[in-house]
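Colleague: What follows is the file entry_0.txt, containing compact mmCIF, C-alpha atoms:
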# COMPACT_ATOMS: atom_id res chain seq x y z
CA ASP P 28 -81.80 19.39 -18.72
CA GLN P 29 -78.51 18.30 -20.29
CA SER P 30 -76.81 18.98 -23.55
CA GLY P 31 -73.53 17.86 -25.02
CA ALA P 32 -71.51 18.00 -28.17
CA VAL P 33 -68.64 16.01 -29.54
CA VAL P 34 -66.34 17.33 -32.22
CA GLU P 35 -64.15 14.80 -33.96
CA ARG P 36 -61.33 15.72 -36.21
CA ASN P 37 -60.63 13.38 -39.08
CA SER P 38 -56.87 13.54 -39.53
CA ASP P 39 -57.12 11.25 -42.56
CA LEU P 40 -58.88 13.92 -44.58
CA SER P 41 -56.39 14.68 -47.35
CA GLU P 42 -56.22 15.00 -51.05
CA GLN P 43 -53.43 13.90 -53.31
CA LEU P 44 -52.78 14.93 -56.87
CA SER P 45 -51.07 12.50 -59.17
CA ILE P 46 -50.15 13.56 -62.68
CA THR P 47 -50.11 10.74 -65.22
CA GLY P 48 -50.29 10.40 -68.93
CA SER P 49 -50.18 7.96 -71.77
CA TYR P 50 -49.57 7.95 -75.49
CA THR P 51 -51.41 5.69 -77.94
CA VAL P 52 -49.60 5.17 -81.24
CA THR P 53 -50.94 3.44 -84.34
CA CYS P 54 -48.84 2.69 -87.41
CA TYR P 55 -50.38 2.39 -90.86
CA ASP P 56 -48.50 1.31 -93.98
CA ALA P 57 -48.58 3.25 -97.27
CA ALA P 58 -51.77 1.41 -98.31
CA GLY P 59 -53.57 2.39 -95.08
CA ASN P 60 -53.36 -1.04 -93.41
CA LEU P 61 -52.82 -1.14 -89.66
CA LYS P 62 -49.32 -2.52 -89.00
CA TRP P 63 -49.22 -2.18 -85.22
CA GLU P 64 -50.59 -0.28 -82.24
CA ASP P 65 -48.96 0.33 -78.87
CA ASN P 66 -49.35 2.34 -75.69
CA ILE P 67 -46.86 4.29 -73.63
CA LYS P 68 -47.13 4.98 -69.92
CA ASN P 69 -45.03 8.11 -69.78
CA LEU P 70 -42.86 9.82 -67.20
CA VAL P 71 -43.95 13.39 -66.49
CA VAL P 72 -40.57 15.00 -65.80
CA THR P 73 -39.90 17.51 -63.02
CA VAL P 74 -39.67 20.56 -65.33
CA GLY P 75 -43.00 19.52 -66.86
CA LYS P 76 -44.66 19.26 -63.44
CA ASN P 77 -43.20 22.61 -62.38
CA ASP P 78 -44.41 24.23 -65.60
CA LEU P 79 -47.92 22.87 -65.08
CA LEU P 80 -48.03 24.17 -61.49
CA ASP P 81 -46.63 27.59 -62.43
CA LYS P 82 -49.10 28.03 -65.28
CA TYR P 83 -52.15 26.89 -63.33
CA PHE P 84 -51.59 28.36 -59.88
CA GLN P 85 -49.56 31.43 -60.74
CA GLY P 86 -50.68 32.13 -64.29
CA SER P 87 -47.10 32.89 -65.32
CA SER P 88 -46.17 33.11 -69.00
CA TYR P 89 -48.81 30.69 -70.18
CA THR P 90 -48.52 29.19 -73.64
CA ALA P 91 -50.82 26.67 -75.21
CA ALA P 92 -48.15 25.62 -77.71
CA TRP P 93 -47.39 21.90 -77.39
CA TYR P 94 -45.61 19.64 -79.85
CA LEU P 95 -45.10 15.90 -80.13
CA GLY P 96 -41.87 14.16 -81.01
CA LEU P 97 -40.68 10.61 -81.56
CA VAL P 98 -38.02 8.82 -79.52
CA ASP P 99 -35.39 6.96 -81.54
CA GLY P 100 -35.17 3.23 -80.98
CA ALA P 101 -31.62 2.61 -82.22
CA SER P 102 -30.71 1.93 -78.59
CA SER P 103 -32.68 1.17 -75.43
CA PRO P 104 -33.86 4.61 -74.29
CA THR P 105 -34.11 5.44 -70.59
CA TYR P 106 -35.77 8.41 -68.93
CA SER P 107 -35.13 10.38 -65.77
CA ALA P 108 -37.30 12.80 -63.81
CA GLY P 109 -34.47 15.29 -64.30
CA ASP P 110 -34.61 15.15 -68.12
CA THR P 111 -35.02 18.47 -69.95
CA MET P 112 -35.00 19.33 -73.64
CA SER P 113 -31.36 20.46 -73.34
CA SER P 114 -30.25 17.45 -71.29
CA HIS P 115 -31.69 13.96 -71.76
CA ALA P 116 -28.71 11.62 -71.92
CA GLY P 117 -30.79 8.42 -71.95
CA TRP P 118 -32.57 9.00 -75.27
CA THR P 119 -32.45 10.77 -78.63
CA GLU P 120 -35.09 12.14 -80.97
CA ASN P 121 -36.07 10.40 -84.20
CA THR P 122 -36.60 12.94 -87.00
CA GLY P 123 -37.39 10.51 -89.83
CA TYR P 124 -40.70 12.13 -90.79
CA SER P 125 -41.54 14.58 -93.55
CA ALA P 126 -42.78 17.60 -91.57
CA SER P 127 -40.21 20.36 -91.17
CA THR P 128 -41.19 20.84 -87.50
CA ARG P 129 -42.61 18.74 -84.70
CA PRO P 130 -46.40 18.53 -85.15
CA ALA P 131 -48.79 20.35 -82.80
CA PRO P 132 -51.64 18.29 -81.34
CA SER P 133 -55.19 19.61 -80.88
CA TRP P 134 -56.76 19.18 -77.46
CA SER P 135 -60.29 18.15 -76.51
CA ALA P 136 -62.11 19.59 -73.50
CA ALA P 137 -61.18 18.09 -70.12
CA SER P 138 -63.56 15.45 -68.80
CA SER P 139 -63.47 13.21 -65.70
CA GLY P 140 -60.01 14.46 -64.75
CA SER P 141 -58.44 13.79 -68.16
CA LYS P 142 -57.60 15.82 -71.25
CA ALA P 143 -56.67 14.19 -74.57
CA THR P 144 -55.36 15.22 -77.95
CA THR P 145 -56.77 14.23 -81.27
CA ALA P 146 -54.55 11.91 -83.33
CA THR P 147 -51.45 13.76 -84.52
CA SER P 148 -49.88 12.32 -87.68
CA PHE P 149 -46.22 11.71 -88.54
CA SER P 150 -45.56 10.85 -92.22
CA ILE P 151 -42.54 8.58 -91.98
CA ASN P 152 -39.91 9.13 -94.69
CA ALA P 153 -37.11 6.84 -93.48
CA THR P 154 -36.88 3.23 -92.42
CA SER P 155 -36.00 3.21 -88.73
CA THR P 156 -36.94 2.05 -85.26
CA ILE P 157 -39.15 4.09 -82.95
CA ALA P 158 -39.02 3.56 -79.17
CA GLY P 159 -41.68 6.00 -77.99
CA ALA P 160 -42.83 9.60 -77.88
CA PHE P 161 -42.41 12.87 -76.00
CA MET P 162 -44.15 16.22 -75.58
CA THR P 163 -42.46 19.63 -75.51
CA THR P 164 -43.16 23.35 -75.98
CA ASP P 165 -40.64 23.72 -78.85
CA ASN P 166 -41.53 22.71 -82.42
CA THR P 167 -37.94 22.56 -83.73
CA LYS P 168 -36.93 19.05 -84.85
CA SER P 169 -33.88 18.06 -82.77
CA GLY P 170 -34.33 21.34 -80.86
CA THR P 171 -32.94 21.61 -77.35
CA THR P 172 -34.98 24.54 -76.05
CA GLY P 173 -38.50 24.64 -74.67
CA ILE P 174 -39.97 22.64 -71.82
CA LEU P 175 -40.05 18.86 -71.90
CA TYR P 176 -43.33 17.71 -70.35
CA SER P 177 -43.20 13.93 -70.69
CA ALA P 178 -41.56 11.03 -72.49
CA GLY P 179 -41.83 7.27 -72.56
CA ASN P 180 -41.28 3.97 -74.38
CA PHE P 181 -43.76 1.63 -76.02
CA THR P 182 -44.97 -1.13 -73.70
CA GLY P 183 -44.30 -3.72 -76.41
CA GLY P 184 -40.69 -2.64 -77.07
CA ASN P 185 -39.17 -0.76 -80.00
CA ARG P 186 -41.17 -0.74 -83.25
CA SER P 187 -40.04 -0.71 -86.88
CA VAL P 188 -41.33 1.85 -89.35
CA ALA P 189 -40.74 2.17 -93.09
CA SER P 190 -40.80 5.10 -95.45
CA GLY P 191 -44.44 5.68 -96.43
CA ASP P 192 -45.83 4.65 -93.03
CA THR P 193 -47.99 7.01 -90.98
CA LEU P 194 -47.83 7.14 -87.19
CA ASN P 195 -50.86 8.59 -85.41
CA VAL P 196 -50.08 9.68 -81.86
CA THR P 197 -52.68 10.55 -79.22
CA TYR P 198 -51.78 11.81 -75.75
CA THR P 199 -54.01 11.70 -72.65
CA ALA P 200 -53.11 13.59 -69.47
CA SER P 201 -54.87 12.70 -66.22
CA VAL P 202 -54.88 14.11 -62.69
Translate the structure described by the file into C-alpha cells.

Modeller:
Amino acid sequence: DQSGAVVERNSDLSEQLSITGSYTVTCYDAAGNLKWEDNIKNLVVTVGKNDLLDKYFQGSSYTAAWYLGLVDGASSPTYSAGDTMSSHAGWTENTGYSASTRPAPSWSAASSGSKATTATSFSINATSTIAGAFMTTDNTKSGTTGILYSAGNFTGGNRSVASGDTLNVTYTASV
C-alpha cells in the first residue's frame, strides 16, 4: 500500500481594493430643457481614503453627513491626492447657487460593490463656469473645515451655467 499528498501554495492569491467614484451632472435651463450632461472621474484624496478606512475598520467618530459642492471653472482646476478642505491650491469652490449651504445627497443601498446618491439639485443664481464637483463633510459654502472625500473635473471641459439653471449631481462610489 502507498499513499501520498501534495500541498501547493498559491502565492498569487491576493485581493486588492481600489476606491473609485464618479459624478454625473445634468444641467437644465429655467424652462426644464436639458442643456448638457457630463461625467466626472474623480480623485479620492488621501484624507478621504483615510477617513473611509477609519470609519469602517475602527468605527471611529462616524458621521453620515456628506455634502456636495461645485468647482469653479474660471481657471483650469487641478487636483492633488494631498488636497484637503483647508488646503486645495489647484481649485476653488463655485458658490453661485441659491441654497445657503452645500446640499446633502441621499444615498441608496450598496449593490454590486457600488453605492450611489440620488440626484442632488443646485439652483443656479449667477452666470458662471463650472469645472466639476466635490464631496465633503462640511455644509458651509466656501467652508474650509470638514473632510474632503473627492473632487474632479468634467470630462468634456468647463461648462457654462446661467441664472435660472438647475444642476443635478449624482455621485457613485465603487470598491

Colleague: Distance CA of Thr144 in chain P-CA of Ser103 in chain P, one decimal place?

Modeller: 26.8 Å

Colleague: Here is a test: counting all atoms listed in the file, which residue of P:Gly191, P:Trp63, P:Thr154, P:Leu95 is nearest to Asn166 in chain P?

Modeller: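 Between P:Gly191, P:Trp63, P:Thr154, P:Leu95, the residue approaching Asn166 in chain P most closely is P:Leu95.
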
Colleague: Nearest to Ser150 in chain P among P:Gly179, P:Gly59, P:Gly75, P:Gly123, with distances taken over all atoms listed in the file: which residue is it?

Modeller: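 Of P:Gly179, P:Gly59, P:Gly75, P:Gly123, the one nearest Ser150 in chain P is P:Gly123, counting all atoms listed in the file.
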
Colleague: Please, what distance in Å, to one decimal, runs between CA of Ser135 in chain P and CA of Ala200 in chain P?

Modeller: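 Rounded to one decimal, the two atoms are 11.0 Å apart.
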
Colleague: I'd like the neighbourhood of Thr128 in chain P as a PyMOL selection string, where a residue qualifies if any of its atoms comes within 9 Å (using only C-alpha atoms), though same-chain residues fewer than 5 positions away should be ignored.

Modeller: chain P and resi 94+166-168

Colleague: Closest to Ala153 in chain P among P:Asn180, P:Thr172, P:Ser125, P:Ser190, using all atoms listed in the file?

Modeller: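 Closest to Ala153 in chain P of all the choices is P:Ser190.
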
Colleague: Counting only C-alpha atoms, what is within 10 Å of Thr122 in chain P, bar same-chain residues fewer than 5 positions away, as a PyMOL selection string?

Modeller: chain P and resi 96-99+127-129+149+151-153+155+168-169

Colleague: Write the residues you've just listed into a file as an mmCIF file, in the coordinates of the input, and include C-alpha atoms for each of them.

Modeller:
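The resulting file, selection-v3.cif, is reproduced below:
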data_model
loop_
_atom_site.group_PDB
_atom_site.id
_atom_site.type_symbol
_atom_site.label_atom_id
_atom_site.label_comp_id
_atom_site.auth_asym_id
_atom_site.auth_seq_id
_atom_site.Cartn_x
_atom_site.Cartn_y
_atom_site.Cartn_z
ATOM 1 C CA GLY P 96 -41.870 14.160 -81.010
ATOM 2 C CA LEU P 97 -40.680 10.610 -81.560
ATOM 3 C CA VAL P 98 -38.020 8.820 -79.520
ATOM 4 C CA ASP P 99 -35.390 6.960 -81.540
ATOM 5 C CA SER P 127 -40.210 20.360 -91.170
ATOM 6 C CA THR P 128 -41.190 20.840 -87.500
ATOM 7 C CA ARG P 129 -42.610 18.740 -84.700
ATOM 8 C CA PHE P 149 -46.220 11.710 -88.540
ATOM 9 C CA ILE P 151 -42.540 8.580 -91.980
ATOM 10 C CA ASN P 152 -39.910 9.130 -94.690
ATOM 11 C CA ALA P 153 -37.110 6.840 -93.480
ATOM 12 C CA SER P 155 -36.000 3.210 -88.730
ATOM 13 C CA LYS P 168 -36.930 19.050 -84.850
ATOM 14 C CA SER P 169 -33.880 18.060 -82.770
#

Colleague: CA of Leu61 in chain P and CA of Pro132 in chain P, how far apart in Å?

Modeller: 21.2 Å

Colleague: Looking at only C-alpha atoms, which of P:Leu194, P:Val72, P:Ala143, P:Ala108 is the one that sits closest to Ser49 in chain P?

Modeller: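 Looking at the shortest contact to Ser49 in chain P, the residue is P:Ala143.
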
Colleague: Is there a way to get, as a count of residues only, all residues within 8 Å of the point (-35.6, 0.6, -81.2) in file coordinates, counting all atoms listed in the file?

Modeller: 13

Colleague: I want to know what sits within 12 Å of Lys76 in chain P, based on all atoms listed in the file, with residues of the same chain fewer than 2 positions away left out; could you give that as a list in words?

Modeller: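 Those residues are Leu44, Ser45, Ile46, Thr47, Gly48, Leu70, Val71, Val72, Thr73, Val74, Asp78, Leu79, Leu80, Asp81, Lys82, Tyr83, Phe84, Ala108, Gly109, Asp110, Thr111, Ile174, Leu175, Tyr176, Ser177, Ala200 and Val202 of chain P.
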